[in-house]
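Colleague: Mind looking over this structure? Questions follow.
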Amino acid sequence: MDAYKAIVTKRDTREYTDRKIPEEVLHRILMAGRMAGSSKNTEPVRLVIIQDRQWLKEVATCGKFSQPLLTARVGIAVCCAPDGSDFDAGRAAQNMMVAAWNEGIASCPTSVHDQPCIIEKLRLPQEGEDPVTGRKGWRAVVILALGYPPEGAQMSMGRARVDMGEYVHRERWRQPG
């Protein structure tokens with residue numbers, strides 16, 4: 001699938017089949033996240049992969065709308081250092097979701113509403129410095145739910161979106177009428 005087609009046909013999917021994601025496919029998805037750019041090339045993003053189904057359910061308790069993690073085959077917690085931005089984490093997350101869709105794997109980002117909960121569960125470095133990065137105060141920005149979509153799942157360009165004329169403004173914001 002070419003990049004444009006992967007982007008415009010990707011839809012958030014909240015339920016998945018039991019089909020296991022092959023390790024080499026997961027590696028390509030993770031590499032897509034790793035290759036995302038970052039502000040001043042600081043590389044403030046790290047990933048925590050969650051594949052144990054029971055542990056995914058436990059991690060899901062840290063978010064209010066994290067139901068997609070309950071049937072996901074893989075969860076990827078996109079974590080960011082305190083000196084990194086959510087935008088950097090978002091770039092890595094979007095790269096991984098598009099790369100996953102290129103492999104036929106659906107995804108959905110899930111919010112992490114309870115940072116103390118996820119920090120404890122994933123043991124994100126808080127006190128003292130992380131011996132590898134030298135950073136402390138890590139947070140989970142988003143957890144991606146990944147899995148193969150069920151047969152018949154709606155995945156197409158045909159979905160309704162805001163009209164392009166309403167979505168795009170040139171030179172400055174134009175007022176209606």
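Chains: A, B, ... in order of the structure tokens. Residues: from 1 per chain. Ligands: from 1, in order shown.
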Hey, could you make a per-residue contact list for stretch 11-44 of chain A against stretch 71-75 of chain A with 10 Å as the cut-off, showing the nearest pair of atoms and its distance in Å to one decimal, counting only C-alpha atoms, sorted by chain and number, as a Markdown table?
Modeller:
| residue | atom | partner | partner_atom | distance |
| --- | --- | --- | --- | --- |
| A:Thr13 | CA | A:Ala72 | CA | 10.0 |
| A:Arg14 | CA | A:Thr71 | CA | 8.0 |
| A:Glu15 | CA | A:Thr71 | CA | 5.9 |
| A:Tyr16 | CA | A:Thr71 | CA | 5.7 |
| A:Thr17 | CA | A:Thr71 | CA | 7.5 |
| A:Asp18 | CA | A:Arg73 | CA | 6.8 |
| A:Arg19 | CA | A:Arg73 | CA | 7.5 |
| A:Lys20 | CA | A:Arg73 | CA | 6.4 |
| A:Ile21 | CA | A:Arg73 | CA | 7.0 |
| A:Leu26 | CA | A:Val74 | CA | 8.8 |
Colleague: Export all heavy atoms of the chosen residues as a CSV table (one decimal), in the first residue's frame?
Modeller:
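The result, written out as result-v4.csv:
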chain,number,residue,atom,x,y,z
A,13,THR,N,-10.0,1.6,14.9
A,13,THR,CA,-10.8,0.4,15.1
A,13,THR,C,-10.7,-0.1,16.5
A,13,THR,O,-9.6,-0.1,17.1
A,13,THR,CB,-10.3,-0.8,14.1
A,13,THR,OG1,-10.3,-0.3,12.8
A,13,THR,CG2,-11.1,-2.0,14.2
A,14,ARG,N,-11.8,-0.4,17.1
A,14,ARG,CA,-11.9,-0.6,18.6
A,14,ARG,C,-12.1,-2.1,19.0
A,14,ARG,O,-12.1,-2.4,20.1
A,14,ARG,CB,-13.0,0.3,19.2
A,14,ARG,CG,-12.6,1.7,19.1
A,14,ARG,CD,-13.8,2.7,19.4
A,14,ARG,NE,-13.3,4.1,19.3
A,14,ARG,CZ,-13.2,4.8,18.2
A,14,ARG,NH1,-13.4,4.2,17.0
A,14,ARG,NH2,-12.8,6.0,18.3
A,15,GLU,N,-12.2,-3.0,18.0
A,15,GLU,CA,-12.3,-4.4,18.3
A,15,GLU,C,-11.4,-5.1,17.3
A,15,GLU,O,-11.2,-4.7,16.2
A,15,GLU,CB,-13.7,-4.9,18.1
A,15,GLU,CG,-14.6,-4.4,19.2
A,15,GLU,CD,-16.0,-5.0,19.2
A,15,GLU,OE1,-16.1,-6.1,18.7
A,15,GLU,OE2,-16.9,-4.3,19.6
A,16,TYR,N,-10.8,-6.3,17.8
A,16,TYR,CA,-9.8,-7.0,17.0
A,16,TYR,C,-10.0,-8.5,17.1
A,16,TYR,O,-10.6,-9.0,18.1
A,16,TYR,CB,-8.4,-6.6,17.6
A,16,TYR,CG,-8.2,-5.1,17.7
A,16,TYR,CD1,-8.4,-4.5,19.0
A,16,TYR,CD2,-7.9,-4.3,16.6
A,16,TYR,CE1,-8.3,-3.2,19.1
A,16,TYR,CE2,-7.7,-3.0,16.8
A,16,TYR,CZ,-7.9,-2.4,18.0
A,16,TYR,OH,-7.8,-1.0,18.1
A,17,THR,N,-9.5,-9.2,16.2
A,17,THR,CA,-9.5,-10.7,16.2
A,17,THR,C,-8.4,-11.2,17.2
A,17,THR,O,-7.6,-10.4,17.6
A,17,THR,CB,-9.3,-11.3,14.8
A,17,THR,OG1,-8.0,-11.0,14.4
A,17,THR,CG2,-10.3,-10.7,13.8
A,18,ASP,N,-8.4,-12.5,17.4
A,18,ASP,CA,-7.4,-13.1,18.3
A,18,ASP,C,-6.1,-13.4,17.5
A,18,ASP,O,-5.2,-13.9,18.1
A,18,ASP,CB,-8.0,-14.4,18.8
A,18,ASP,CG,-8.9,-14.2,20.0
A,18,ASP,OD1,-8.8,-13.1,20.7
A,18,ASP,OD2,-9.7,-15.1,20.3
A,19,ARG,N,-6.1,-13.1,16.2
A,19,ARG,CA,-4.9,-13.4,15.4
A,19,ARG,C,-3.7,-12.7,16.0
A,19,ARG,O,-3.7,-11.5,16.2
A,19,ARG,CB,-5.1,-13.0,14.0
A,19,ARG,CG,-4.0,-13.3,13.0
A,19,ARG,CD,-4.4,-13.0,11.6
A,19,ARG,NE,-3.3,-12.9,10.8
A,19,ARG,CZ,-3.3,-12.4,9.6
A,19,ARG,NH1,-4.4,-11.8,9.1
A,19,ARG,NH2,-2.2,-12.3,8.8
A,20,LYS,N,-2.6,-13.4,16.2
A,20,LYS,CA,-1.4,-12.9,16.7
A,20,LYS,C,-0.6,-12.1,15.7
A,20,LYS,O,-0.6,-12.4,14.5
A,20,LYS,CB,-0.5,-14.1,17.2
A,20,LYS,CG,0.8,-13.7,17.9
A,20,LYS,CD,1.5,-14.9,18.4
A,20,LYS,CE,2.8,-14.7,19.2
A,20,LYS,NZ,3.5,-13.5,19.1
A,21,ILE,N,0.0,-11.0,16.1
A,21,ILE,CA,0.8,-10.1,15.2
A,21,ILE,C,2.2,-10.7,15.2
A,21,ILE,O,2.8,-10.8,16.2
A,21,ILE,CB,0.8,-8.7,15.7
A,21,ILE,CG1,-0.6,-8.1,15.7
A,21,ILE,CG2,1.8,-7.8,14.9
A,21,ILE,CD1,-0.7,-6.7,16.3
A,26,LEU,N,5.6,-6.6,14.0
A,26,LEU,CA,5.6,-5.7,15.1
A,26,LEU,C,6.9,-4.9,15.1
A,26,LEU,O,6.9,-3.7,15.4
A,26,LEU,CB,5.5,-6.5,16.4
A,26,LEU,CG,5.5,-5.7,17.7
A,26,LEU,CD1,4.4,-4.6,17.7
A,26,LEU,CD2,5.4,-6.6,18.9
Colleague: For A:Cys108, work out the shell of residues within 7 Å, counting only C-alpha atoms and skipping chain neighbours fewer than 5 positions away, then give it as a PyMOL selection string.
Modeller: chain A and resi 12-14+68+144-146
Colleague: Using backbone DSSP assignments, extract all alpha helix (DSSP H) residues from stretch 54-165 of chain A; output them as a ChimeraX atom specification.
Modeller: /A:54-60,86-102,115-122,164-165
Colleague: Take the residues just selected and output them with N, CA, C and O atoms as a short mmCIF file (atom, residue, chain, number, x, y, z; two decimals), in the first residue's frame.
Modeller:
data_model
loop_
_atom_site.label_atom_id
_atom_site.label_comp_id
_atom_site.auth_asym_id
_atom_site.auth_seq_id
_atom_site.Cartn_x
_atom_site.Cartn_y
_atom_site.Cartn_z
N GLN A 54 -3.98 -10.27 29.92
CA GLN A 54 -4.42 -9.88 31.26
C GLN A 54 -3.78 -8.56 31.68
O GLN A 54 -4.42 -7.72 32.30
N TRP A 55 -2.51 -8.38 31.33
CA TRP A 55 -1.82 -7.15 31.70
C TRP A 55 -2.40 -5.97 30.92
O TRP A 55 -2.53 -4.88 31.45
N LEU A 56 -2.78 -6.19 29.66
CA LEU A 56 -3.44 -5.13 28.88
C LEU A 56 -4.72 -4.67 29.58
O LEU A 56 -5.01 -3.48 29.65
N LYS A 57 -5.48 -5.62 30.10
CA LYS A 57 -6.72 -5.27 30.81
C LYS A 57 -6.41 -4.46 32.07
O LYS A 57 -7.14 -3.53 32.41
N GLU A 58 -5.34 -4.81 32.75
CA GLU A 58 -4.94 -4.08 33.95
C GLU A 58 -4.49 -2.66 33.59
O GLU A 58 -4.87 -1.69 34.24
N VAL A 59 -3.71 -2.53 32.55
CA VAL A 59 -3.23 -1.22 32.10
C VAL A 59 -4.40 -0.35 31.64
O VAL A 59 -4.41 0.87 31.85
N ALA A 60 -5.42 -0.97 31.05
CA ALA A 60 -6.59 -0.24 30.57
C ALA A 60 -7.32 0.49 31.69
O ALA A 60 -8.02 1.48 31.43
N ASP A 86 4.15 16.46 23.65
CA ASP A 86 3.13 15.51 23.20
C ASP A 86 3.13 15.40 21.69
O ASP A 86 2.79 14.37 21.13
N PHE A 87 3.52 16.48 20.99
CA PHE A 87 3.60 16.45 19.53
C PHE A 87 4.62 15.41 19.08
O PHE A 87 4.36 14.65 18.15
N ASP A 88 5.77 15.35 19.75
CA ASP A 88 6.78 14.34 19.40
C ASP A 88 6.21 12.94 19.58
O ASP A 88 6.40 12.06 18.75
N ALA A 89 5.50 12.73 20.69
CA ALA A 89 4.89 11.42 20.94
C ALA A 89 3.82 11.12 19.89
O ALA A 89 3.70 10.00 19.41
N GLY A 90 3.06 12.15 19.51
CA GLY A 90 2.02 11.98 18.49
C GLY A 90 2.59 11.61 17.14
O GLY A 90 1.99 10.81 16.41
N ARG A 91 3.72 12.18 16.80
CA ARG A 91 4.37 11.84 15.53
C ARG A 91 4.73 10.35 15.51
O ARG A 91 4.51 9.66 14.51
N ALA A 92 5.31 9.87 16.60
CA ALA A 92 5.68 8.45 16.67
C ALA A 92 4.44 7.57 16.63
O ALA A 92 4.41 6.56 15.92
N ALA A 93 3.39 7.98 17.35
CA ALA A 93 2.15 7.20 17.39
C ALA A 93 1.53 7.11 16.00
O ALA A 93 1.13 6.03 15.55
N GLN A 94 1.42 8.24 15.31
CA GLN A 94 0.81 8.22 13.98
C GLN A 94 1.64 7.39 13.01
O GLN A 94 1.08 6.63 12.21
N ASN A 95 2.97 7.51 13.07
CA ASN A 95 3.81 6.67 12.21
C ASN A 95 3.50 5.19 12.43
O ASN A 95 3.37 4.42 11.47
N MET A 96 3.39 4.79 13.69
CA MET A 96 3.14 3.38 13.98
C MET A 96 1.76 2.95 13.52
O MET A 96 1.60 1.84 12.99
N MET A 97 0.74 3.80 13.69
CA MET A 97 -0.61 3.42 13.26
C MET A 97 -0.69 3.29 11.74
O MET A 97 -1.33 2.37 11.23
N VAL A 98 -0.02 4.18 11.01
CA VAL A 98 -0.02 4.09 9.55
C VAL A 98 0.78 2.86 9.10
O VAL A 98 0.35 2.13 8.21
N ALA A 99 1.93 2.62 9.72
CA ALA A 99 2.72 1.44 9.37
C ALA A 99 1.94 0.15 9.68
O ALA A 99 1.99 -0.81 8.91
N ALA A 100 1.22 0.14 10.79
CA ALA A 100 0.40 -1.03 11.14
C ALA A 100 -0.66 -1.27 10.08
O ALA A 100 -0.85 -2.40 9.62
N TRP A 101 -1.34 -0.20 9.66
CA TRP A 101 -2.39 -0.35 8.66
C TRP A 101 -1.81 -0.85 7.34
O TRP A 101 -2.42 -1.63 6.63
N ASN A 102 -0.60 -0.42 7.01
CA ASN A 102 0.07 -0.92 5.82
C ASN A 102 0.23 -2.44 5.87
O ASN A 102 0.24 -3.11 4.85
N GLN A 115 -2.39 9.48 35.18
CA GLN A 115 -0.94 9.34 35.07
C GLN A 115 -0.32 8.60 36.26
O GLN A 115 0.51 7.72 36.04
N PRO A 116 -0.70 8.89 37.51
CA PRO A 116 -0.10 8.12 38.61
C PRO A 116 -0.33 6.61 38.44
O PRO A 116 0.56 5.81 38.73
N CYS A 117 -1.48 6.23 37.94
CA CYS A 117 -1.80 4.82 37.72
C CYS A 117 -0.86 4.21 36.69
O CYS A 117 -0.24 3.17 36.93
N ILE A 118 -0.71 4.86 35.53
CA ILE A 118 0.11 4.28 34.46
C ILE A 118 1.59 4.35 34.80
O ILE A 118 2.36 3.46 34.46
N ILE A 119 2.00 5.42 35.49
CA ILE A 119 3.40 5.53 35.91
C ILE A 119 3.76 4.36 36.82
O ILE A 119 4.82 3.74 36.68
N GLU A 120 2.85 4.03 37.74
CA GLU A 120 3.10 2.91 38.65
C GLU A 120 3.09 1.58 37.90
O GLU A 120 4.00 0.77 38.07
N LYS A 121 2.08 1.37 37.07
CA LYS A 121 1.97 0.08 36.38
C LYS A 121 3.13 -0.18 35.44
O LYS A 121 3.64 -1.30 35.37
N LEU A 122 3.55 0.83 34.69
CA LEU A 122 4.64 0.64 33.73
C LEU A 122 6.02 0.91 34.32
O LEU A 122 7.03 0.75 33.65
N MET A 164 -13.65 20.17 2.62
CA MET A 164 -12.33 20.76 2.46
C MET A 164 -12.38 22.29 2.53
O MET A 164 -11.49 22.92 3.11
N GLY A 165 -13.42 22.90 1.96
CA GLY A 165 -13.56 24.35 1.99
C GLY A 165 -13.74 24.89 3.40
O GLY A 165 -13.38 26.03 3.69
#
Colleague: Write down as a PDB file with C-alpha atoms, in the first residue's frame the residues of stretch 37-131 of chain A whose backbone DSSP state falls under strand (DSSP E).
Modeller:
ATOM      1  CA  VAL A  45       9.928   9.181  23.156  1.00  0.00           C
ATOM      2  CA  ARG A  46      10.199   5.614  24.439  1.00  0.00           C
ATOM      3  CA  LEU A  47       7.784   2.724  23.927  1.00  0.00           C
ATOM      4  CA  VAL A  48       6.485   0.063  26.297  1.00  0.00           C
ATOM      5  CA  ILE A  49       5.065  -2.975  24.482  1.00  0.00           C
ATOM      6  CA  ILE A  50       2.274  -4.863  26.230  1.00  0.00           C
ATOM      7  CA  VAL A  74      -0.644  -5.570  21.347  1.00  0.00           C
ATOM      8  CA  GLY A  75      -0.661  -2.326  23.282  1.00  0.00           C
ATOM      9  CA  ILE A  76       2.066   0.239  22.745  1.00  0.00           C
ATOM     10  CA  ALA A  77       2.452   2.859  25.457  1.00  0.00           C
ATOM     11  CA  VAL A  78       4.013   5.927  23.860  1.00  0.00           C
ATOM     12  CA  CYS A  79       5.948   7.560  26.687  1.00  0.00           C
ATOM     13  CA  CYS A  80       7.620  10.936  26.743  1.00  0.00           C
ATOM     14  CA  ALA A 106      -5.917  -1.899  12.707  1.00  0.00           C
ATOM     15  CA  SER A 107      -5.293   0.444  15.610  1.00  0.00           C
ATOM     16  CA  CYS A 108      -6.840   2.955  17.961  1.00  0.00           C
ATOM     17  CA  PRO A 109      -5.156   5.497  20.233  1.00  0.00           C
ATOM     18  CA  THR A 110      -6.414   5.382  23.811  1.00  0.00           C
ATOM     19  CA  SER A 111      -6.045   8.216  26.308  1.00  0.00           C
TER      20      SER A 111
END
Colleague: I want to know what sits within 9 Å of A:Gln126, based on only C-alpha atoms, with residues of the same chain fewer than 2 positions away left out; could you give that as a ChimeraX atom specification?
Modeller: /A:119,123-124,128-130,135-139
